[in-house]
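Read through the structure below, which is laid out as structure tokens, and then see the notes.
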Amino acid sequence: MQEPSSKNKKGLYRLRRADPHERLSARLRHFSFGAAVVFVVAAAGIVIHSLYNIQIKNGATFRQYAAQQQLLDTTIKATRGEIYDTSGITLASTSVVWTIWADPSYSTALFTSSKNDDTGEVTRTADPAALQEVSTQITLRLLSGDGESLDSVDTSSAAYQTQYQAVYDALSKSDSAYQTLATKVNNAVKLSIEQYVTAYNKAHKKADADKGIRKGRISISSTKSFQRNYPYGAFAAAVLGFCDADGYGTYGLEKSYQSTLAGVDGRTITQRNAYGNAIADENATTFAAKDGSNLVLSLDVNVQEIVERYLNEAIAANTVENRGCAIVMNVKTGAILAMASKPDFDPNNALDYTANEAYLNELVHAEPELYGIYLKNEDGSSVTDANGNKVLDPEGDYSGYFRDIQWKNKAITELYYPGSVFKVITSAMGVDSGKATINTTLNCSGAYGVAKETYHCAGKKAHGVQNLAEALRQSCNIYYIQLGQRIGSSLFYDYFDAFGFTERTGVDLPSETGFMQYYSKSRLGEVELASSAFGQAMAVTPLQVCTAISAAVNGGYLVTPHVVDKITDANGNVIEEIGANVRRQVISESTSNVIRQIMEYEVGNGTGGGAYVSGYRIGGKSGTSEQLNMDRRADGDYKKVASFAAVLPADDPEIIVYVMLDDPNNARTDYSSLLAAPVVGNIISEIAPYLGIAADGTDRSGTIVKVPNLIGNEWSSAQVQLNIKGLRHQLAESTTSQAAAAVTYQYPHAGAKVAYGTTVYLYTDTYEGSHTDVPDVTGKSADFARQMLAAAGLNCIVAGDANGLVQEQSEAAGASVQRGTVVTITCG
């Protein structure tokens with residue numbers, strides 16, 4: 001075959017045309033390539049931007065997120081510091097307790113599961129038998145107290161039924177991963193429950209394996225927590241305060257020293273697995289917790305107990321409607337030895353007011369303007385009765401008021417008109433300013449006009465011409481109005497301010513009010529000055545009165561009161577010591593000496609009221625004041641406050657004892673000299689010997705005293721008679737309430753002649769007294785024999801050589817005799 005010539009080949013080549021699809025594909029390839037480049041660059045930009053955001057801009061945040069996912073941060077709770085009295089007795093402590101909780105969703109032994117073939121939904125049905133078994137065993141352990149005494153639990157009791165139902169209901173919630181079964185469980189019970197759960201799961205695992213089915217289990221765990229304990233219950237509650245459910249100080253010292261007591265929590269940081277559980281890691285980081293510091297108080301439990309006992313008795317005996325308070329304080333340092341507000345509460349269960357509910361309910365209804373919840377009409381207006389008075393809602397909820405009232409420390413949070421107690425301060429103003437001396441005389445005619453006001457003394461008595469000491473003793477309003485006029489408004493206010501009545505005392509307790517009511521210097525007109533001079537124009541706190549009177553008798557120094565004496569660490573090392581803090585000198589030492597003299601003249605040797613205790617030099621002043629800021633009583637008169645302040649020894653005071661009864665309703669009297677003064681005297685009769693307060697120096701060892709007839713007298717009033725005569729007293733314990741109880745029996749009997757200082761035993765629920773066995777004291781020293789006899793409830797008289805040993809005793813050893821019997825021991 002003849003091949004085409006080259007010419008023909010060339011022609012054929014030239015005649016060939018380019019395929020348009022090839023040209024399109026080339027353009028597409030170029031476009032695609034460009035687009036891919038742009039896409040890659042954009043994607044790279046997005047990635048780079050994301051990496052920038054994640055690693056650089058927000059790197060710290062994402063590293064934190066990663067750490068949260070990878071690391072387990074566990075808090076190590078610090079142990080709260082303890083609170084001790086001045087002698088080291090524990091008033092508040094912390095114990096480890098456990099919260100028992102369950103995970104019902106993981107407790108497969110308590111439920112049966114079934115799967116719907118159509119929907120694939122799994123339904124869990126409770127197994128009543130399994131729930132009953134587990135609930136019973138958990139409840140028995142919770143109520144046993146020790147996790148072992150299960151047989152001692154009364155399964156028919158209401159407590160058992162309530163606890164059982166709570167556990168059963170919690171375990172029945174199959175979809176829940178956390179259900180609390182019990183709180184504040186001790187370690188023994190917690191261990192018992194853990195042992196039961198372990199044994200249950202082990203037994204069911206083996207049984208299920210034998211049956212070839214999936215194993216069943218219960219999931220019950222525990223979480224460690226802390227519980228604040230107050231071993232003495234409703235004791236110094238207003239001072240100590242309490243902690244809330246989270247362990248945070250809410251009232252009292254628990255609140256004011258929260259940061260000191262709480263300490264600093266620690267942390268443990270370690271890696272965790274996918275289930276959130278810690279992985280054993282030697283590189284785990286632990287920051288140890290720093291336990292809280294301890295508070296050592298100036299409070300003395302013995303003094304506090306005596307104060308609370310007599311304050312409770314006074315409130316009951318005199319039907320005190322708006323609570324009462326009492327303070328014992330060192331006048332030179334401001335250290336508070338006792339502070340009480342009654343009725344109060346149990347810090348172990350601070351929300352519970354049932355013990356005082358009747359009292360609090362009456363208190364709230366007595367002051368409806370302060371606490372009342374009134375019935376409302378549909379338009380919001382108050383419902384009124386026929387007389388136009390608002391009607392209280394009988395179904396109103398007063399629980400919030402009840403708790404708030406009993407939590408308050410009345411000594412620092414509530415104001416009152418001090419009345420005649422303030423005359424001590426007016427006296428100090430007059431003497432220190434040179435406007436008066438102890439011999440300055442002024443006349444009281446029974447009435448005195450100031451501007452358009454006419455003032456009277458109590459009972460509208462005319463005291464005649466009297467000096468400063470006599471005016472204080474007779475509590476003459478008219479004398480002090482005239483003394484106030486001599487001082488003048490400007491100087492009176494300056495002293496009032498200097499004595500601390502226009503500012504807080506600075507006590508280391510929370511919630512001290514700063515809203516005192518008084519007339520400023522510019523508003524202290526002649527009428528206002530007249531009322532202020534005898535304490536009836538200013539509303540202040542009881543603690544302010546105590547600090548002011550302390551300044552009046554301690555040389556003139558206004559001190560800051562305090563409850564905490566020192567702060568220690570867990571090992572008892574002192575971190576901080578709180579001493580006396582003198583704010584300023586208000587009056588001179590010479591003025592203070594005059595005030596001490598006139599206050600001692602006020603109490604006298606039993607002639608100035610019930611505050612006198614034989615053997616001690618006591619200065620004091622009573623105050624019966626009108627509560628001008630409160631609704632009047634049913635008889636139209638103002639509600640009263642009875643208060644009394646005593647200092648001792650009067651020549652060089654160490655302590656002040658103060659009692660205030662807010663709105664007493666004693667049918668016999670309103671006078672504080674008969675209401676508050678006896679309470680102060682009874683407190684002094686017990687705390688003065690205990691504190692070692694110096695006696696008056698008079699030797700009464702040979703004095704014989706006739707025992708008065710005390711039968712039928714209210715026991716605290718009977719004790720006042722013994723205080724004045726120099727006889728000691730001992731109230732026998734009773735199985736019944738002794739609030740305002742009358743004496744039914746006494747020994748030694750009325751009319752018996754006994755030695756000065758003999759103890760008279762008083763009974764309120766028996767007509768026969770009680771007996772005690774006489775110890776054998778022969779061969780003992782006189783002092784030791786006296787102590788043995790006193791411990792047995794017997795009085796002692798020493799005959800012969802008191803430095804020798806006991807040769808004979810008047811009552812045979814082992815004999816059963818009446819408590820209070822006088823045993824004469826002969827020494828030689």
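Convention: chains lettered A, B, ... in structure tokens order; per-chain residue numbering from 1; ligands numbered from 1 as shown.
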
(request) Pull the helix (DSSP H, G or I) assignments for segment 512-634 of chain A out of DSSP run on the backbone, and list those residues as a ChimeraX atom specification. (result) /A:521-523,526-533,542-553,589-603

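If you count only C-alpha atoms and ignore residues fewer than 6 places along the chain from Tyr398 of chain A, what sits within 10 Å of it is Glu357, Leu360, Asn361, Val364, His365, Tyr371, Gly372 and Ile373 of chain A.
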
(request) Would you mind telling me which residue in A:Ser341, A:Asn629, A:Asn723, A:Thr125 lies nearest to Ser113 of chain A when using only C-alpha atoms? (result) A:Thr125

Mind running segment 428-547 of chain A against segment 655-675 of chain A at 10 Å and telling me each contacting residue's nearest atom pair with the distance in Å (one decimal), counting only C-alpha atoms, chain and number ascending, as JSON lines?
```
{"residue": "A:Ala458", "atom": "CA", "partner": "A:Tyr671", "partner_atom": "CA", "distance": 9.6}
{"residue": "A:Pro542", "atom": "CA", "partner": "A:Met660", "partner_atom": "CA", "distance": 7.7}
{"residue": "A:Leu543", "atom": "CA", "partner": "A:Tyr658", "partner_atom": "CA", "distance": 9.1}
{"residue": "A:Val545", "atom": "CA", "partner": "A:Tyr658", "partner_atom": "CA", "distance": 9.1}
{"residue": "A:Cys546", "atom": "CA", "partner": "A:Tyr658", "partner_atom": "CA", "distance": 7.2}
{"residue": "A:Thr547", "atom": "CA", "partner": "A:Ile656", "partner_atom": "CA", "distance": 9.2}
```

With C-alpha atoms retained, write the just-selected residues as an mmCIF file, in the first residue's frame.
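Saved file result.cif follows:
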```cif
data_model
loop_
_atom_site.group_PDB
_atom_site.id
_atom_site.type_symbol
_atom_site.label_atom_id
_atom_site.label_comp_id
_atom_site.auth_asym_id
_atom_site.auth_seq_id
_atom_site.Cartn_x
_atom_site.Cartn_y
_atom_site.Cartn_z
ATOM 1 C CA ALA A 458 -41.378 58.845 142.692
ATOM 2 C CA PRO A 542 -27.027 48.020 129.124
ATOM 3 C CA LEU A 543 -23.353 47.508 128.247
ATOM 4 C CA VAL A 545 -24.268 51.812 131.210
ATOM 5 C CA CYS A 546 -21.807 49.252 132.617
ATOM 6 C CA THR A 547 -18.780 50.793 130.913
#
```

(request) Rank A:Leu171, A:Ala570, A:Ala314, A:Ala130 by their smallest atom-to-atom distance to Gly263 of chain A, using only C-alpha atoms, and report the top residue only. (result) A:Ala570

(request) Give the answer as one residue: which of A:Arg700, A:Lys423, A:Arg523, A:His456 has the shortest atom-to-atom distance to Leu483 of chain A, using only C-alpha atoms? (result) A:Lys423

(request) Considering only C-alpha atoms, return as a PyMOL selection string whatever protein or nucleic-acid residues lie within 12 Å of Glu576 of chain A, sequence-local ones (same chain, fewer than 5 positions apart) excluded. (result) chain A and resi 260+293-296+564-569

(message) Taking only C-alpha atoms into account, name the residue in A:Met599, A:Val613, A:Ala471, A:Leu181 that is nearest to Thr99 of chain A.
(response) A:Leu181

(request) Might you pull out every residue within 12 Å of Val586 of chain A, with only C-alpha atoms counted and same-chain residues fewer than 6 positions away left off, and present them as a list of chain:residue names? (result) A:Ile425, A:Ala428, A:Met429, A:Asp432, A:Ser433, A:Asp494, A:Tyr495, A:Phe496, A:Asp497, A:Ala498, A:Phe499, A:Gly500, A:Thr547, A:Ala548, A:Ile549, A:Ser550, A:Ala551, A:Ala552, A:Val553, A:Asn554, A:Gly555, A:Gly556, A:Tyr557, A:Leu558, A:Val559, A:Ser592

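Using only C-alpha atoms, the residues found no farther than 8 Å from Ser717 of chain A, other than those of its own chain fewer than 4 positions away, are Pro678, Asn713 and Gln721 of chain A.
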
For Gly446 of chain A, please output as a PDB file with C-alpha atoms, in the first residue's frame all residues within 12 Å (counting only C-alpha atoms; exclusion window: fewer than 3 positions along the same chain).
```
ATOM      1  CA  ASN A 443     -34.062  71.394 148.233  1.00  0.00           C
ATOM      2  CA  GLY A 449     -41.265  73.316 137.239  1.00  0.00           C
ATOM      3  CA  THR A 454     -43.705  69.949 136.201  1.00  0.00           C
ATOM      4  CA  TYR A 455     -41.507  67.146 137.544  1.00  0.00           C
ATOM      5  CA  HIS A 456     -42.068  64.980 140.616  1.00  0.00           C
ATOM      6  CA  CYS A 457     -40.090  62.398 142.530  1.00  0.00           C
ATOM      7  CA  ALA A 458     -41.378  58.845 142.692  1.00  0.00           C
ATOM      8  CA  GLY A 459     -44.516  58.745 144.804  1.00  0.00           C
ATOM      9  CA  LYS A 460     -44.505  62.555 144.735  1.00  0.00           C
ATOM     10  CA  LYS A 461     -42.335  62.598 147.843  1.00  0.00           C
ATOM     11  CA  ALA A 462     -40.797  65.807 149.172  1.00  0.00           C
ATOM     12  CA  HIS A 463     -37.253  64.968 150.309  1.00  0.00           C
ATOM     13  CA  GLY A 464     -36.424  68.422 151.664  1.00  0.00           C
ATOM     14  CA  VAL A 465     -32.859  69.699 151.840  1.00  0.00           C
ATOM     15  CA  CYS A 476     -34.414  62.334 144.096  1.00  0.00           C
ATOM     16  CA  ASN A 477     -35.329  63.501 140.585  1.00  0.00           C
ATOM     17  CA  ILE A 478     -35.692  67.142 141.616  1.00  0.00           C
ATOM     18  CA  TYR A 479     -32.198  67.304 143.127  1.00  0.00           C
TER      19      TYR A 479
END
```

(message) Can you pull out every residue from segment 423-586 of chain A that DSSP, working from the backbone, puts in strand (DSSP E or B), and format the result as a PyMOL selection string?
(response) chain A and resi 442-444+447-450+453-456+464-466+517+539-540+557-559+562+564-568+574-577+582-585

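Residues within 10 Å of Thr183 of chain A, counting only C-alpha atoms and excluding same-chain residues fewer than 6 positions away, are Val97, Trp98, Thr99, Ile100, Trp101, Leu142, Ser222, Thr223, Lys224, Ser225 and Gln227 of chain A.
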
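Atom pair atom CA of Ile76 of chain A / atom CA of Asp246 of chain A has a distance of 14.8 Å (rounded to one decimal).
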